[in-house]
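Taking it in order: structure first as structure tokens, then the write-up.
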Amino acid sequence: MADKVEYVDLRVSAAPNRIFKARITAINTASDLTTRRIMVRSVIGNPDGVLKSDMFASFKIEIEDASATASVPTEAIIREGDVATVWVETEPMLFKRRMVDIGIQQNGLTQIRSGLNSGELVVARGAIFVDNEWRQ
């Protein structure tokens, strides 16, 4: 969330012509397996006291436009504690270990937020063997 600004627009039936804006402070990392819902926490200002506990509300979540980021096969990511790395081909058959900041994982791919440019080639299948050989 550090690089995106995310907001909630909230409407309550007690004030139908008013939209309350709130900034999202936390998004749960796991969803409920049955409902597929994800818990979202936000802070909503209520300076004039219109909002009361147990009011029914509807909301809309807005985020900035998605930006194109690189993704790699999940098997290309080498994890060691909180550090994630990939092996990038810098020349034919010459590889360099590079730290990356990873994002979401979906359909066998992992988003790379930083540390890799789109179009760069990485070792996918066998990346762990390249890493093990480098460590010796």
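Numbering starts fresh at 1 for the residues of each chain in the structure tokens, the chains themselves are lettered A, B, ... in the order given, and ligands are numbered from 1 as they appear.
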
As a PyMOL selection string, please: all residues of chain A that backbone DSSP puts in strand (DSSP E or B). chain A and resi 6-12+15-27+40-44+57-63+70-73+78-80+83-91+94-106+109-114+122

Within 8 Å of segment 88-94 of chain A, counting only C-alpha atoms, which residues qualify if same-chain residues fewer than 4 places away don't, as a compact mmCIF listing (two decimals) with N, CA, C and O atoms, in the first residue's frame?
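Heads up, here's the output in part_3.txt:
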# COMPACT_ATOMS: atom_id res chain seq x y z
N ARG A 98 19.85 -11.14 -8.24
CA ARG A 98 19.31 -9.82 -8.01
C ARG A 98 18.19 -9.87 -6.97
O ARG A 98 17.30 -10.71 -7.06
N GLU A 120 13.39 -8.51 -19.04
CA GLU A 120 14.62 -9.19 -18.64
C GLU A 120 14.34 -10.67 -18.47
O GLU A 120 13.25 -11.07 -18.05
N LEU A 121 15.31 -11.50 -18.80
CA LEU A 121 15.16 -12.94 -18.71
C LEU A 121 15.65 -13.43 -17.36
O LEU A 121 16.71 -13.03 -16.89
N VAL A 122 14.86 -14.31 -16.74
CA VAL A 122 15.25 -14.90 -15.46
C VAL A 122 15.24 -16.42 -15.58
O VAL A 122 14.57 -16.99 -16.46
N VAL A 123 15.99 -17.05 -14.70
CA VAL A 123 15.98 -18.52 -14.61
C VAL A 123 14.72 -18.90 -13.85
O VAL A 123 14.49 -18.41 -12.75

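Closest to Ile78 of chain A among A:Asn117, A:Thr110, A:Pro47, A:Thr34 is A:Thr110, based on only C-alpha atoms.
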
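Checking A:Val12, A:Gly103, A:Met55, A:Glu6 one by one against Val43 of chain A, counting only C-alpha atoms, you find the shortest gap at A:Glu6.
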
As a list in words, please: all residues of chain A that backbone DSSP puts in alpha helix (DSSP H).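 So, restricting chain A to alpha helix (DSSP H), we get Ala127, Ile128, Phe129, Val130, Asp131, Asn132, Glu133, Trp134 and Arg135 of chain A.
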
Next, dump the selected residues to file, keeping only N, CA and C atoms, as a PDB file, in the first residue's frame.
ATOM      1  N   ALA A 127      16.002 -22.669 -10.870  1.00  0.00           N
ATOM      2  CA  ALA A 127      16.605 -21.506 -10.207  1.00  0.00           C
ATOM      3  C   ALA A 127      17.223 -21.887  -8.868  1.00  0.00           C
ATOM      4  N   ILE A 128      16.595 -22.797  -8.165  1.00  0.00           N
ATOM      5  CA  ILE A 128      17.120 -23.219  -6.864  1.00  0.00           C
ATOM      6  C   ILE A 128      18.473 -23.916  -7.027  1.00  0.00           C
ATOM      7  N   PHE A 129      18.673 -24.637  -8.136  1.00  0.00           N
ATOM      8  CA  PHE A 129      19.952 -25.314  -8.370  1.00  0.00           C
ATOM      9  C   PHE A 129      21.056 -24.314  -8.697  1.00  0.00           C
ATOM     10  N   VAL A 130      20.704 -23.281  -9.468  1.00  0.00           N
ATOM     11  CA  VAL A 130      21.673 -22.213  -9.762  1.00  0.00           C
ATOM     12  C   VAL A 130      22.073 -21.527  -8.468  1.00  0.00           C
ATOM     13  N   ASP A 131      21.095 -21.266  -7.600  1.00  0.00           N
ATOM     14  CA  ASP A 131      21.372 -20.609  -6.331  1.00  0.00           C
ATOM     15  C   ASP A 131      22.247 -21.491  -5.438  1.00  0.00           C
ATOM     16  N   ASN A 132      21.951 -22.773  -5.384  1.00  0.00           N
ATOM     17  CA  ASN A 132      22.764 -23.698  -4.572  1.00  0.00           C
ATOM     18  C   ASN A 132      24.198 -23.761  -5.077  1.00  0.00           C
ATOM     19  N   GLU A 133      24.384 -23.780  -6.386  1.00  0.00           N
ATOM     20  CA  GLU A 133      25.730 -23.820  -6.971  1.00  0.00           C
ATOM     21  C   GLU A 133      26.495 -22.536  -6.641  1.00  0.00           C
ATOM     22  N   TRP A 134      25.816 -21.401  -6.677  1.00  0.00           N
ATOM     23  CA  TRP A 134      26.438 -20.116  -6.361  1.00  0.00           C
ATOM     24  C   TRP A 134      26.903 -20.077  -4.904  1.00  0.00           C
ATOM     25  N   ARG A 135      26.162 -20.705  -4.009  1.00  0.00           N
ATOM     26  CA  ARG A 135      26.492 -20.687  -2.584  1.00  0.00           C
ATOM     27  C   ARG A 135      27.700 -21.545  -2.254  1.00  0.00           C
TER      28      ARG A 135
END

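The two atoms in question, atom CA of Ile102 of chain A and atom CA of Gly126 of chain A, are spaced 19.1 Å apart.
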
Which polymer residues have any atom within 12 Å of an atom of segment 49-51 of chain A, counting only C-alpha atoms, with same-chain residues fewer than 4 positions away left out, as a list in words?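 In the requested format, the answer is Leu10, Arg11, Val12, Ser13, Ala14, Ala15, Pro16, Arg18, Ile19, Phe20, Ile44, Gly45, Met55, Phe56 and Ala57 of chain A.
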
Could you turn the residues from that selection into a file that holds N, CA and C atoms, as a PDB file, in the first residue's frame?
ATOM      1  N   LEU A  10     -18.144   5.988   1.429  1.00  0.00           N
ATOM      2  CA  LEU A  10     -19.153   5.401   2.291  1.00  0.00           C
ATOM      3  C   LEU A  10     -20.436   6.219   2.212  1.00  0.00           C
ATOM      4  N   ARG A  11     -21.569   5.522   2.095  1.00  0.00           N
ATOM      5  CA  ARG A  11     -22.876   6.173   2.116  1.00  0.00           C
ATOM      6  C   ARG A  11     -23.732   5.485   3.171  1.00  0.00           C
ATOM      7  N   VAL A  12     -24.473   6.277   3.906  1.00  0.00           N
ATOM      8  CA  VAL A  12     -25.411   5.736   4.892  1.00  0.00           C
ATOM      9  C   VAL A  12     -26.807   6.242   4.566  1.00  0.00           C
ATOM     10  N   SER A  13     -27.819   5.436   4.883  1.00  0.00           N
ATOM     11  CA  SER A  13     -29.194   5.820   4.543  1.00  0.00           C
ATOM     12  C   SER A  13     -29.655   7.033   5.346  1.00  0.00           C
ATOM     13  N   ALA A  14     -29.061   7.289   6.508  1.00  0.00           N
ATOM     14  CA  ALA A  14     -29.443   8.454   7.316  1.00  0.00           C
ATOM     15  C   ALA A  14     -29.006   9.774   6.688  1.00  0.00           C
ATOM     16  N   ALA A  15     -28.025   9.716   5.795  1.00  0.00           N
ATOM     17  CA  ALA A  15     -27.549  10.919   5.093  1.00  0.00           C
ATOM     18  C   ALA A  15     -27.362  10.543   3.624  1.00  0.00           C
ATOM     19  N   PRO A  16     -28.477  10.346   2.883  1.00  0.00           N
ATOM     20  CA  PRO A  16     -28.402   9.792   1.525  1.00  0.00           C
ATOM     21  C   PRO A  16     -27.657  10.655   0.509  1.00  0.00           C
ATOM     22  N   ARG A  18     -24.941  12.400   1.081  1.00  0.00           N
ATOM     23  CA  ARG A  18     -23.591  12.679   1.566  1.00  0.00           C
ATOM     24  C   ARG A  18     -22.684  11.469   1.352  1.00  0.00           C
ATOM     25  N   ILE A  19     -21.488  11.735   0.884  1.00  0.00           N
ATOM     26  CA  ILE A  19     -20.479  10.692   0.717  1.00  0.00           C
ATOM     27  C   ILE A  19     -19.357  10.968   1.704  1.00  0.00           C
ATOM     28  N   PHE A  20     -19.034   9.968   2.521  1.00  0.00           N
ATOM     29  CA  PHE A  20     -17.936  10.069   3.472  1.00  0.00           C
ATOM     30  C   PHE A  20     -16.718   9.405   2.846  1.00  0.00           C
ATOM     31  N   ILE A  44     -12.585   6.598   9.111  1.00  0.00           N
ATOM     32  CA  ILE A  44     -13.580   7.499   8.553  1.00  0.00           C
ATOM     33  C   ILE A  44     -13.790   8.650   9.532  1.00  0.00           C
ATOM     34  N   GLY A  45     -13.588   9.848   9.058  1.00  0.00           N
ATOM     35  CA  GLY A  45     -13.825  11.017   9.902  1.00  0.00           C
ATOM     36  C   GLY A  45     -15.311  11.206  10.156  1.00  0.00           C
ATOM     37  N   MET A  55     -24.939   1.434  12.121  1.00  0.00           N
ATOM     38  CA  MET A  55     -25.652   1.956  10.950  1.00  0.00           C
ATOM     39  C   MET A  55     -25.344   1.055   9.761  1.00  0.00           C
ATOM     40  N   PHE A  56     -26.342   0.888   8.895  1.00  0.00           N
ATOM     41  CA  PHE A  56     -26.119   0.146   7.661  1.00  0.00           C
ATOM     42  C   PHE A  56     -25.500   1.099   6.647  1.00  0.00           C
ATOM     43  N   ALA A  57     -24.445   0.632   5.999  1.00  0.00           N
ATOM     44  CA  ALA A  57     -23.745   1.493   5.037  1.00  0.00           C
ATOM     45  C   ALA A  57     -23.411   0.705   3.790  1.00  0.00           C
TER      46      ALA A  57
END

Between A:Ser42, A:Gln105, A:Ser53, A:Ser71, which one has atoms that come closest to Gly119 of chain A, using only C-alpha atoms?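 Of the candidates, the smallest distance to Gly119 of chain A is held by A:Ser71.
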
Please measure the separation of atom CA of Ala84 of chain A and atom CA of Gln136 of chain A, giving the value in Å to one decimal.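 If I compute the distance from atom CA of Ala84 of chain A to atom CA of Gln136 of chain A, I get 19.0 Å.
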